[in-house]
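Asks: This one is protein-v1.tsv, TSV, C-alpha atoms.
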chain	number	residue	atom	x	y	z
A	21	MET	CA	-4.93	-15.69	-0.21
A	22	SER	CA	-5.78	-15.25	3.44
A	23	THR	CA	-2.21	-14.92	4.69
A	24	THR	CA	-1.79	-11.94	6.96
A	25	PHE	CA	1.33	-10.60	8.63
A	26	SER	CA	1.05	-8.52	11.77
A	27	MET	CA	3.55	-5.73	12.22
A	28	THR	CA	4.16	-3.70	15.36
A	29	PRO	CA	6.24	-0.52	15.54
A	30	ILE	CA	9.84	-0.64	16.72
A	31	GLY	CA	9.59	3.11	17.30
A	32	PHE	CA	8.16	6.36	16.02
A	33	ALA	CA	9.39	9.23	13.89
A	34	ARG	CA	9.57	12.71	15.37
A	35	THR	CA	9.44	15.13	12.46
A	36	PRO	CA	8.56	18.77	11.81
A	37	PHE	CA	5.54	17.69	9.74
A	38	LYS	CA	2.06	17.84	11.26
A	39	ASP	CA	0.24	17.74	7.94
A	40	THR	CA	1.09	16.16	4.60
A	41	SER	CA	0.75	19.55	2.92
A	42	GLU	CA	4.02	20.55	4.63
A	43	ILE	CA	5.98	17.75	3.00
A	44	SER	CA	7.47	18.62	-0.37
A	45	LYS	CA	6.41	16.26	-3.10
A	46	GLY	CA	6.91	15.85	-6.76
A	47	ILE	CA	9.72	16.28	-9.22
A	48	GLY	CA	12.86	17.59	-7.63
A	49	ALA	CA	11.48	17.46	-4.12
A	50	LYS	CA	14.35	17.63	-1.71
A	51	HIS	CA	14.03	16.28	1.77
A	52	THR	CA	16.61	17.87	3.96
A	53	ARG	CA	14.67	18.37	7.16
A	54	GLU	CA	15.93	16.74	10.30
A	55	GLY	CA	13.96	14.57	12.62
A	56	GLU	CA	14.39	11.80	15.11
A	57	LEU	CA	13.74	8.11	14.98
A	58	GLU	CA	12.77	7.28	18.53
A	59	ILE	CA	13.20	3.58	19.13
A	60	LEU	CA	11.23	1.79	21.83
A	61	PRO	CA	13.21	0.92	24.97
A	62	GLU	CA	12.74	-2.81	24.42
A	63	MET	CA	14.27	-2.53	20.92
A	64	VAL	CA	17.24	-0.32	21.70
A	65	ALA	CA	19.76	-3.17	21.90
A	66	GLY	CA	19.23	-3.66	18.17
A	67	LEU	CA	20.78	-0.22	17.51
A	68	GLN	CA	24.25	-1.41	18.45
A	69	ASP	CA	26.82	-0.59	15.74
A	70	ILE	CA	24.43	1.66	13.84
A	71	GLU	CA	26.54	4.79	14.35
A	72	GLY	CA	29.03	3.55	11.76
A	73	PHE	CA	26.59	3.94	8.89
A	74	SER	CA	26.07	7.22	7.11
A	75	HIS	CA	22.70	6.31	5.61
A	76	LEU	CA	19.82	4.13	6.71
A	77	TYR	CA	16.71	2.68	5.16
A	78	VAL	CA	13.65	3.41	7.25
A	79	LEU	CA	10.58	1.25	6.66
A	80	TRP	CA	7.41	2.77	8.04
A	81	VAL	CA	3.63	2.90	7.74
A	82	PHE	CA	1.45	5.59	6.19
A	83	ASP	CA	-0.74	5.17	9.25
A	84	ARG	CA	-3.04	8.09	8.53
A	85	VAL	CA	-4.04	6.86	5.09
A	86	ASP	CA	-7.22	4.86	4.55
A	87	GLY	CA	-7.53	2.59	1.58
A	88	TYR	CA	-5.57	2.54	-1.65
A	89	GLU	CA	-5.96	3.04	-5.37
A	90	LEU	CA	-4.19	0.91	-7.92
A	91	ILE	CA	-4.15	3.77	-10.40
A	92	GLY	CA	-3.45	7.24	-9.11
A	93	ARG	CA	-2.36	10.66	-10.24
A	94	PRO	CA	1.07	11.55	-8.86
A	95	PRO	CA	1.83	15.17	-7.91
A	96	THR	CA	4.71	15.00	-10.38
A	97	ASP	CA	2.58	14.23	-13.39
A	98	ASP	CA	-0.65	15.11	-15.10
A	99	ARG	CA	-1.69	11.57	-15.94
A	100	PRO	CA	-2.58	8.49	-13.92
A	101	ARG	CA	0.05	5.89	-13.10
A	102	GLY	CA	0.07	2.44	-11.56
A	103	VAL	CA	0.61	2.61	-7.83
A	104	PHE	CA	3.65	0.30	-7.92
A	105	ALA	CA	5.29	2.72	-10.35
A	106	THR	CA	4.84	5.57	-7.85
A	107	ARG	CA	5.47	6.37	-4.22
A	108	SER	CA	1.83	7.16	-3.56
A	109	PRO	CA	0.80	6.76	0.08
A	110	ARG	CA	-2.51	5.27	-1.06
A	111	ARG	CA	-0.99	1.85	-1.66
A	112	PRO	CA	-1.70	-1.69	-0.53
A	113	ASN	CA	-0.10	-2.31	2.87
A	114	ARG	CA	0.66	1.42	3.22
A	115	LEU	CA	4.40	0.82	3.49
A	116	GLY	CA	6.75	3.79	3.29
A	117	LEU	CA	10.47	3.65	2.57
A	118	THR	CA	12.91	6.49	3.11
A	119	VAL	CA	16.68	6.76	2.90
A	120	VAL	CA	17.92	9.08	5.62
A	121	ARG	CA	21.33	10.30	6.63
A	122	LEU	CA	22.28	9.40	10.17
A	123	MET	CA	23.62	12.49	11.91
A	124	SER	CA	24.02	11.20	15.44
A	125	ARG	CA	22.65	8.87	18.04
A	126	ARG	CA	21.57	9.81	21.54
A	127	GLY	CA	20.57	6.68	23.40
A	128	ARG	CA	17.44	5.37	21.73
A	129	GLN	CA	17.07	8.42	19.50
A	130	LEU	CA	18.60	8.62	16.07
A	131	LEU	CA	18.94	12.13	14.72
A	132	VAL	CA	18.54	11.87	10.96
A	133	ARG	CA	18.32	14.16	7.94
A	134	GLY	CA	15.93	13.65	5.07
A	135	VAL	CA	12.70	12.77	6.82
A	136	ASP	CA	9.55	12.88	4.72
A	137	MET	CA	7.01	11.32	7.05
A	138	LEU	CA	4.49	12.85	9.41
A	139	ASP	CA	5.31	13.37	13.05
A	140	GLY	CA	4.40	10.28	15.03
A	141	THR	CA	4.74	7.88	12.10
A	142	PRO	CA	5.24	4.26	13.21
A	143	ILE	CA	8.57	2.76	12.19
A	144	LEU	CA	8.67	-0.94	11.37
A	145	ASP	CA	12.32	-1.48	10.58
A	146	ILE	CA	15.70	0.14	10.07
A	147	LYS	CA	18.38	-1.32	7.82
A	148	PRO	CA	21.83	-0.13	6.83
A	149	TYR	CA	22.02	1.43	3.39
A	150	LEU	CA	24.90	-0.26	1.63
A	151	SER	CA	24.66	-0.15	-2.08
A	152	SER	CA	23.54	1.89	-4.95
A	153	VAL	CA	22.78	1.26	-8.55
A	154	PRO	CA	25.26	2.93	-10.89
A	155	PRO	CA	23.55	6.01	-12.36
A	156	ALA	CA	24.36	4.91	-15.90
A	157	GLU	CA	22.23	1.80	-15.41
A	158	LEU	CA	19.23	3.58	-13.99
A	159	LYS	CA	16.02	4.23	-15.94
A	160	ARG	CA	13.42	6.36	-14.25
A	161	GLY	CA	10.30	5.42	-16.20
A	162	TRP	CA	7.47	7.89	-16.57
A	163	ILE	CA	9.32	10.37	-14.39
A	164	ALA	CA	11.48	11.45	-17.32
A	165	ASP	CA	8.39	12.03	-19.48
A	166	ALA	CA	6.74	14.05	-16.76
A	167	GLU	CA	9.84	16.18	-16.40
A	168	THR	CA	9.92	16.91	-20.08
A	169	ARG	CA	6.29	17.96	-20.10
A	170	SER	CA	6.69	20.13	-17.04
A	171	GLY	CA	9.79	21.78	-18.45
A	172	ARG	CA	11.97	20.69	-15.57
A	173	GLY	CA	15.59	19.97	-16.24
A	174	GLU	CA	17.64	16.92	-15.57
A	175	ASP	CA	20.18	18.31	-13.22
A	176	ARG	CA	18.37	18.25	-9.95
A	177	GLU	CA	19.09	15.92	-7.12
A	178	TRP	CA	16.71	13.06	-6.53
A	179	THR	CA	15.62	12.21	-3.07
A	180	ASP	CA	13.75	9.16	-1.93
A	181	GLY	CA	10.26	10.42	-1.50
A	182	ASP	CA	7.91	11.82	-4.09
B	9	MET	CA	2.26	0.16	22.34
B	10	SER	CA	-0.47	-2.13	21.15
B	11	THR	CA	-0.70	-0.74	17.62
B	12	THR	CA	-0.65	-3.47	15.03
B	13	PHE	CA	-0.67	-3.23	11.27
B	14	SER	CA	-1.94	-6.10	9.16
B	15	MET	CA	-0.23	-6.75	5.87
B	16	THR	CA	-1.38	-9.05	3.11
B	17	PRO	CA	0.71	-10.11	0.11
B	18	ILE	CA	0.30	-8.36	-3.23
B	19	GLY	CA	2.02	-11.35	-4.81
B	20	PHE	CA	4.72	-13.96	-4.38
B	21	ALA	CA	8.31	-14.36	-5.51
B	22	ARG	CA	9.25	-17.28	-7.74
B	23	THR	CA	12.95	-17.87	-7.28
B	24	PRO	CA	15.49	-20.69	-7.72
B	25	PHE	CA	15.98	-20.90	-3.94
B	26	LYS	CA	14.28	-23.65	-1.95
B	27	ASP	CA	16.54	-23.33	1.06
B	28	THR	CA	18.38	-20.39	2.59
B	29	SER	CA	21.67	-22.27	2.28
B	30	GLU	CA	21.44	-21.72	-1.49
B	31	ILE	CA	21.39	-17.95	-1.16
B	32	SER	CA	24.80	-16.31	-1.10
B	33	LYS	CA	25.38	-14.19	1.96
B	34	GLY	CA	28.11	-12.16	3.44
B	35	ILE	CA	30.78	-9.85	2.20
B	36	GLY	CA	30.82	-9.53	-1.54
B	37	ALA	CA	27.72	-11.63	-2.03
B	38	LYS	CA	26.40	-11.02	-5.50
B	39	HIS	CA	22.80	-11.64	-6.30
B	40	THR	CA	22.45	-12.09	-10.01
B	41	ARG	CA	19.91	-14.90	-10.17
B	42	GLU	CA	16.69	-14.29	-11.98
B	43	GLY	CA	13.24	-14.85	-10.66
B	44	GLU	CA	9.70	-13.67	-11.06
B	45	LEU	CA	7.51	-11.43	-9.01
B	46	GLU	CA	4.06	-12.85	-9.57
B	47	ILE	CA	1.46	-10.26	-8.69
B	48	LEU	CA	-2.05	-11.27	-7.68
B	49	PRO	CA	-4.71	-10.76	-10.36
B	50	GLU	CA	-6.57	-8.22	-8.22
B	51	MET	CA	-3.41	-6.09	-7.91
B	52	VAL	CA	-2.23	-6.19	-11.51
B	53	ALA	CA	-3.66	-2.79	-12.44
B	54	GLY	CA	-1.10	-1.26	-10.09
B	55	LEU	CA	1.72	-2.46	-12.37
B	56	GLN	CA	0.84	0.04	-15.07
B	57	ASP	CA	3.90	2.08	-16.16
B	58	ILE	CA	6.33	-0.14	-14.28
B	59	GLU	CA	8.12	-1.27	-17.44
B	60	GLY	CA	9.85	2.10	-17.70
B	61	PHE	CA	11.94	1.54	-14.59
B	62	SER	CA	15.21	-0.36	-14.68
B	63	HIS	CA	15.29	-1.11	-10.95
B	64	LEU	CA	12.65	-1.73	-8.32
B	65	TYR	CA	12.50	-1.94	-4.57
B	66	VAL	CA	10.77	-5.12	-3.43
B	67	LEU	CA	9.45	-5.20	0.12
B	68	TRP	CA	8.75	-8.68	1.39
B	69	VAL	CA	8.44	-10.92	4.43
B	70	PHE	CA	10.92	-13.47	5.79
B	71	ASP	CA	7.88	-15.69	6.26
B	72	ARG	CA	9.83	-18.83	7.23
B	73	VAL	CA	11.61	-17.17	10.12
B	74	ASP	CA	10.33	-17.44	13.68
B	75	GLY	CA	11.26	-14.85	16.24
B	76	TYR	CA	14.12	-12.38	16.23
B	77	GLU	CA	17.27	-11.45	18.07
B	78	LEU	CA	18.31	-7.87	18.71
B	79	ILE	CA	21.98	-8.85	18.70
B	80	GLY	CA	23.13	-11.38	16.15
B	81	ARG	CA	26.24	-12.67	14.47
B	82	PRO	CA	26.24	-11.80	10.76
B	83	PRO	CA	27.77	-14.24	8.25
B	84	THR	CA	30.08	-11.41	7.21
B	85	ASP	CA	31.66	-10.92	10.59
B	86	ASP	CA	33.03	-12.75	13.59
B	87	ARG	CA	31.39	-10.61	16.24
B	88	PRO	CA	27.82	-9.81	17.22
B	89	ARG	CA	26.06	-6.75	15.81
B	90	GLY	CA	22.78	-4.95	16.46
B	91	VAL	CA	20.03	-6.25	14.21
B	92	PHE	CA	19.24	-2.79	12.78
B	93	ALA	CA	22.87	-2.53	11.66
B	94	THR	CA	22.52	-5.79	9.71
B	95	ARG	CA	20.24	-7.44	7.20
B	96	SER	CA	19.58	-10.41	9.43
B	97	PRO	CA	16.30	-12.21	8.69
B	98	ARG	CA	15.78	-12.69	12.44
B	99	ARG	CA	14.47	-9.16	12.89
B	100	PRO	CA	11.36	-7.55	14.35
B	101	ASN	CA	8.57	-7.54	11.74
B	102	ARG	CA	10.64	-9.83	9.48
B	103	LEU	CA	10.69	-7.29	6.64
B	104	GLY	CA	12.99	-7.88	3.71
B	105	LEU	CA	14.09	-5.29	1.16
B	106	THR	CA	15.75	-6.04	-2.15
B	107	VAL	CA	16.70	-3.90	-5.12
B	108	VAL	CA	16.13	-5.87	-8.30
B	109	ARG	CA	16.63	-5.11	-11.95
B	110	LEU	CA	13.46	-5.34	-14.00
B	111	MET	CA	14.15	-7.39	-17.11
B	112	SER	CA	10.67	-7.67	-18.55
B	113	ARG	CA	7.01	-7.91	-17.76
B	114	ARG	CA	4.63	-10.59	-18.90
B	115	GLY	CA	1.14	-9.78	-17.71
B	116	ARG	CA	1.18	-10.04	-13.96
B	117	GLN	CA	4.68	-11.49	-13.87
B	118	LEU	CA	7.76	-9.34	-13.54
B	119	LEU	CA	10.96	-11.05	-14.59
B	120	VAL	CA	13.70	-9.60	-12.41
B	121	ARG	CA	17.40	-10.12	-11.73
B	122	GLY	CA	18.99	-10.04	-8.32
B	123	VAL	CA	16.53	-12.03	-6.23
B	124	ASP	CA	17.74	-13.12	-2.81
B	125	MET	CA	14.55	-14.50	-1.28
B	126	LEU	CA	13.19	-18.00	-1.03
B	127	ASP	CA	10.75	-19.35	-3.57
B	128	GLY	CA	7.21	-18.51	-2.53
B	129	THR	CA	8.16	-15.47	-0.47
B	130	PRO	CA	5.22	-13.10	0.05
B	131	ILE	CA	5.68	-9.66	-1.48
B	132	LEU	CA	4.12	-6.70	0.31
B	133	ASP	CA	5.04	-3.82	-1.98
B	134	ILE	CA	6.96	-2.75	-5.04
B	135	LYS	CA	8.30	0.76	-5.51
B	136	PRO	CA	10.36	2.37	-8.25
B	137	TYR	CA	14.02	2.78	-7.41
B	138	LEU	CA	14.87	6.37	-8.17
B	139	SER	CA	17.81	7.65	-6.30
B	140	SER	CA	21.12	6.72	-4.89
B	141	VAL	CA	23.45	8.18	-2.36
B	142	PRO	CA	26.70	9.41	-3.90
B	143	PRO	CA	29.40	6.83	-3.09
B	144	ALA	CA	31.66	9.51	-1.64
B	145	GLU	CA	29.08	10.23	1.06
B	146	LEU	CA	28.54	6.63	2.06
B	147	LYS	CA	29.91	5.05	5.22
B	148	ARG	CA	29.42	1.33	5.65
B	149	GLY	CA	29.91	0.94	9.40
B	150	TRP	CA	31.19	-2.33	10.78
B	151	ILE	CA	31.26	-3.85	7.31
B	152	ALA	CA	34.55	-2.14	6.53
B	153	ASP	CA	36.10	-3.51	9.74
B	154	ALA	CA	34.89	-6.99	8.96
B	155	GLU	CA	36.35	-6.76	5.48
B	156	THR	CA	39.71	-5.77	6.84
B	157	ARG	CA	39.75	-8.65	9.30
B	158	SER	CA	38.68	-11.15	6.66
B	159	GLY	CA	41.29	-9.88	4.22
B	160	ARG	CA	38.74	-9.00	1.59
B	161	GLY	CA	39.43	-6.07	-0.65
B	162	GLU	CA	37.39	-3.01	-1.39
B	163	ASP	CA	36.79	-3.52	-5.04
B	164	ARG	CA	33.86	-5.86	-5.02
B	165	GLU	CA	30.39	-4.95	-5.99
B	166	TRP	CA	27.85	-4.54	-3.24
B	167	THR	CA	24.42	-5.92	-3.63
B	168	ASP	CA	21.43	-5.37	-1.45
B	169	GLY	CA	21.29	-8.49	0.59
B	170	ASP	CA	23.81	-9.78	3.05
Taking this structure as input, can you express it in the form of structure tokens?

Replies:
Amino acid sequence: MSTTFSMTPIGFARTPFKDTSEISKGIGAKHTREGELEILPEMVAGLQDIEGFSHLYVLWVFDRVDGYELIGRPPTDDRPRGVFATRSPRRPNRLGLTVVRLMSRRGRQLLVRGVDMLDGTPILDIKPYLSSVPPAELKRGWIADAETRSGRGEDREWTDGD
Amino acid sequence: MSTTFSMTPIGFARTPFKDTSEISKGIGAKHTREGELEILPEMVAGLQDIEGFSHLYVLWVFDRVDGYELIGRPPTDDRPRGVFATRSPRRPNRLGLTVVRLMSRRGRQLLVRGVDMLDGTPILDIKPYLSSVPPAELKRGWIADAETRSGRGEDREWTDGD
């Protein structure tokens, strides 16, 4: 398959994180830090009506990662897992996905809570977050096993990066 | 900004939809059709452990769309909206995002429910779906207005494409 799709940033994330070591990972990681999604001037018209949404999907690129591994060892576990069953940055196409809470908008800057990407990260898309899967229907795969082995409980809040 | 990121498919979606007119859109659209995510042989190792998850994020490309508009008229509303406040296919980078339910795996094929993409759609990434935003914290922007004007009620199930 030689198909290739070229993506260019619609903007960049401004976050407190200069190094990945500063970003909490693993079981129970909470992402509550605020940051800004700074949208390029030529894209700003597309932000119309966004203020009405409380939460947004942000699609972005792990731009400082080289290469990928199909089997990796997540920080939340002591055994290797398939990359598509994890949120490892070392993944084909290096796509990141984060749900953030929209706090406010100032022109072409969206102030959001819940960032988990490095400062300067290229943003490819923003979509409104509309739905959720009922908790009773959700199975969390190897994560539950890893929690049991690590002695962590069930009653912590899940966030969208780990 | 001349940065460009090249993406190549990890696989392709096999769905019942040959034309976009067959895919339900708009307020209350339910996506319950089944399809397959067929992962390329060289990527199949990355599927390890995926069977344990009930729901997956699928990141894909609206590959049959040309161009984009920053302001568009969603099927769910009678007035124009900013593209980043909608799920319009005519968006910069043409990225699609769908939450599907994983029914079963057969080798490099994932049988899933809830597909809303055309047959043959290139898939860029798959991630486990882990979290959800508590319904009480969720605001759905212009969607609520559009519902009111169209006389639709509140008690329909939201799915992830519209």

Asks: Give me, as a ChimeraX atom specification, all polymer residues having an atom no more than 7 Å from Gly72 in chain A, counting all atoms listed in the file and skipping those fewer than 2 positions away in the same chain.

Replies: /A:69-70,74 /B:147-150

Asks: With only C-alpha atoms considered, list every residue of chain B at most 8 Å from chain A, as a PyMOL selection string.

Replies: chain B and resi 9-18+51+53-63+78-79+89-95+100-101+103+132-141+143+145-150+166-168

Asks: Using all atoms listed in the file for the distances, tell me which of A:Glu56, A:Ala33, A:Ala166, A:Ile43 is nearest to Gly127 in chain A.

Replies: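 Ranking A:Glu56, A:Ala33, A:Ala166, A:Ile43 by distance to Gly127 in chain A, first place goes to A:Glu56.
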
Asks: I'm after chain B in the frame of chain A: fit it by least squares over all Cα atoms matched in order, and give me the output as a short mmCIF file (atom, residue, chain, number, x, y, z; two decimals) with C-alpha atoms, in the frame of the given file.

Replies:
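Final output, selection-v2.cif:
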data_model
loop_
_atom_site.label_atom_id
_atom_site.label_comp_id
_atom_site.auth_asym_id
_atom_site.auth_seq_id
_atom_site.Cartn_x
_atom_site.Cartn_y
_atom_site.Cartn_z
CA MET B 9 -4.91 -15.68 -0.20
CA SER B 10 -5.78 -15.23 3.43
CA THR B 11 -2.21 -14.91 4.70
CA THR B 12 -1.79 -11.94 6.97
CA PHE B 13 1.32 -10.61 8.65
CA SER B 14 1.06 -8.52 11.78
CA MET B 15 3.55 -5.73 12.24
CA THR B 16 4.17 -3.70 15.36
CA PRO B 17 6.24 -0.51 15.54
CA ILE B 18 9.85 -0.63 16.72
CA GLY B 19 9.60 3.11 17.30
CA PHE B 20 8.15 6.36 16.03
CA ALA B 21 9.40 9.22 13.89
CA ARG B 22 9.57 12.71 15.36
CA THR B 23 9.47 15.14 12.47
CA PRO B 24 8.56 18.79 11.81
CA PHE B 25 5.54 17.71 9.74
CA LYS B 26 2.06 17.81 11.25
CA ASP B 27 0.25 17.72 7.94
CA THR B 28 1.09 16.15 4.59
CA SER B 29 0.76 19.54 2.90
CA GLU B 30 4.02 20.54 4.62
CA ILE B 31 5.99 17.75 2.99
CA SER B 32 7.48 18.60 -0.38
CA LYS B 33 6.42 16.24 -3.12
CA GLY B 34 6.91 15.85 -6.77
CA ILE B 35 9.70 16.33 -9.22
CA GLY B 36 12.84 17.63 -7.64
CA ALA B 37 11.47 17.45 -4.12
CA LYS B 38 14.35 17.63 -1.71
CA HIS B 39 14.02 16.25 1.75
CA THR B 40 16.61 17.85 3.94
CA ARG B 41 14.65 18.36 7.15
CA GLU B 42 15.91 16.75 10.28
CA GLY B 43 13.97 14.56 12.61
CA GLU B 44 14.40 11.80 15.11
CA LEU B 45 13.76 8.11 14.98
CA GLU B 46 12.79 7.28 18.52
CA ILE B 47 13.21 3.57 19.12
CA LEU B 48 11.24 1.79 21.82
CA PRO B 49 13.21 0.93 24.96
CA GLU B 50 12.73 -2.81 24.41
CA MET B 51 14.27 -2.54 20.92
CA VAL B 52 17.24 -0.32 21.71
CA ALA B 53 19.76 -3.17 21.91
CA GLY B 54 19.24 -3.66 18.18
CA LEU B 55 20.78 -0.23 17.50
CA GLN B 56 24.25 -1.41 18.46
CA ASP B 57 26.82 -0.58 15.74
CA ILE B 58 24.42 1.66 13.83
CA GLU B 59 26.53 4.78 14.36
CA GLY B 60 29.03 3.56 11.76
CA PHE B 61 26.59 3.94 8.89
CA SER B 62 26.07 7.24 7.12
CA HIS B 63 22.70 6.32 5.61
CA LEU B 64 19.82 4.12 6.71
CA TYR B 65 16.72 2.68 5.16
CA VAL B 66 13.65 3.41 7.27
CA LEU B 67 10.59 1.25 6.68
CA TRP B 68 7.41 2.75 8.03
CA VAL B 69 3.63 2.91 7.76
CA PHE B 70 1.45 5.61 6.19
CA ASP B 71 -0.73 5.17 9.26
CA ARG B 72 -3.04 8.12 8.53
CA VAL B 73 -4.04 6.86 5.11
CA ASP B 74 -7.21 4.86 4.56
CA GLY B 75 -7.54 2.58 1.59
CA TYR B 76 -5.59 2.56 -1.65
CA GLU B 77 -5.97 3.04 -5.36
CA LEU B 78 -4.18 0.91 -7.92
CA ILE B 79 -4.15 3.77 -10.41
CA GLY B 80 -3.45 7.25 -9.11
CA ARG B 81 -2.39 10.67 -10.25
CA PRO B 82 1.05 11.55 -8.87
CA PRO B 83 1.83 15.17 -7.92
CA THR B 84 4.71 14.98 -10.39
CA ASP B 85 2.60 14.22 -13.41
CA ASP B 86 -0.62 15.11 -15.16
CA ARG B 87 -1.71 11.58 -15.96
CA PRO B 88 -2.59 8.51 -13.93
CA ARG B 89 0.05 5.89 -13.11
CA GLY B 90 0.06 2.43 -11.56
CA VAL B 91 0.61 2.61 -7.82
CA PHE B 92 3.66 0.30 -7.92
CA ALA B 93 5.30 2.73 -10.36
CA THR B 94 4.84 5.57 -7.86
CA ARG B 95 5.46 6.38 -4.23
CA SER B 96 1.83 7.16 -3.56
CA PRO B 97 0.80 6.76 0.09
CA ARG B 98 -2.52 5.28 -1.06
CA ARG B 99 -0.99 1.86 -1.65
CA PRO B 100 -1.70 -1.69 -0.53
CA ASN B 101 -0.10 -2.31 2.88
CA ARG B 102 0.67 1.43 3.23
CA LEU B 103 4.42 0.83 3.49
CA GLY B 104 6.75 3.78 3.29
CA LEU B 105 10.48 3.65 2.57
CA THR B 106 12.92 6.49 3.12
CA VAL B 107 16.68 6.76 2.90
CA VAL B 108 17.92 9.07 5.62
CA ARG B 109 21.33 10.30 6.63
CA LEU B 110 22.29 9.40 10.18
CA MET B 111 23.63 12.49 11.91
CA SER B 112 24.03 11.20 15.44
CA ARG B 113 22.66 8.88 18.05
CA ARG B 114 21.57 9.79 21.53
CA GLY B 115 20.54 6.67 23.40
CA ARG B 116 17.44 5.37 21.72
CA GLN B 117 17.09 8.42 19.50
CA LEU B 118 18.61 8.62 16.06
CA LEU B 119 18.95 12.14 14.71
CA VAL B 120 18.54 11.88 10.96
CA ARG B 121 18.31 14.16 7.93
CA GLY B 122 15.93 13.68 5.05
CA VAL B 123 12.70 12.77 6.81
CA ASP B 124 9.56 12.87 4.70
CA MET B 125 7.01 11.33 7.05
CA LEU B 126 4.51 12.86 9.41
CA ASP B 127 5.31 13.37 13.06
CA GLY B 128 4.40 10.26 15.03
CA THR B 129 4.74 7.88 12.09
CA PRO B 130 5.26 4.28 13.22
CA ILE B 131 8.58 2.77 12.19
CA LEU B 132 8.67 -0.94 11.39
CA ASP B 133 12.34 -1.49 10.58
CA ILE B 134 15.70 0.14 10.07
CA LYS B 135 18.37 -1.32 7.82
CA PRO B 136 21.83 -0.12 6.83
CA TYR B 137 22.01 1.43 3.39
CA LEU B 138 24.88 -0.26 1.64
CA SER B 139 24.65 -0.16 -2.07
CA SER B 140 23.54 1.89 -4.96
CA VAL B 141 22.79 1.24 -8.56
CA PRO B 142 25.27 2.93 -10.90
CA PRO B 143 23.55 6.00 -12.36
CA ALA B 144 24.37 4.90 -15.90
CA GLU B 145 22.24 1.78 -15.42
CA LEU B 146 19.23 3.56 -14.01
CA LYS B 147 16.03 4.21 -15.93
CA ARG B 148 13.40 6.34 -14.26
CA GLY B 149 10.30 5.40 -16.24
CA TRP B 150 7.48 7.88 -16.58
CA ILE B 151 9.32 10.38 -14.40
CA ALA B 152 11.49 11.45 -17.31
CA ASP B 153 8.40 12.04 -19.49
CA ALA B 154 6.75 14.06 -16.77
CA GLU B 155 9.87 16.16 -16.39
CA THR B 156 9.94 16.92 -20.06
CA ARG B 157 6.30 17.96 -20.09
CA SER B 158 6.71 20.13 -17.01
CA GLY B 159 9.82 21.78 -18.43
CA ARG B 160 11.99 20.71 -15.55
CA GLY B 161 15.61 19.97 -16.22
CA GLU B 162 17.68 16.93 -15.50
CA ASP B 163 20.15 18.39 -13.12
CA ARG B 164 18.26 18.27 -9.88
CA GLU B 165 19.00 15.97 -7.06
CA TRP B 166 16.66 13.07 -6.51
CA THR B 167 15.58 12.15 -3.07
CA ASP B 168 13.70 9.12 -1.95
CA GLY B 169 10.21 10.39 -1.54
CA ASP B 170 7.92 11.80 -4.16
#

Asks: To one decimal in Å, tell me the separation between CA of Trp80 in chain A and CA of Val73 in chain B.

Replies: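 CA of Trp80 in chain A sits 20.5 Å away from CA of Val73 in chain B.
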
Asks: Using CA of Thr40 in chain A and CA of Glu54 in chain A as the two end points, give the distance in Å to one decimal.

Replies: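 Separating CA of Thr40 in chain A from CA of Glu54 in chain A is a distance of 15.9 Å.
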
Asks: Skip Gln129 in chain A itself and residues of its chain fewer than 5 positions away, then list as a ChimeraX atom specification all residues within 8 Å of it, counting all atoms listed in the file.

Replies: /A:56-59

Asks: Range 125-128 of chain B: which residues within 7 Å, counting all atoms listed in the file, same-chain residues fewer than 5 positions away excluded, as a VMD selection string?

Replies: chain B and resid 20 to 28

Asks: Go through B:Gly43, B:Arg87, B:Arg81, B:Pro97 and flag the residue nearest Asp153 in chain B, using all atoms listed in the file for the distances.

Replies: B:Arg87

Asks: Could you work out how far CA of His39 in chain B lies from CA of Thr106 in chain B, giving the answer in Å with one decimal?

Replies: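 Taking CA of Thr106 in chain B as the start and CA of His39 in chain B as the end point, the length is 9.9 Å.
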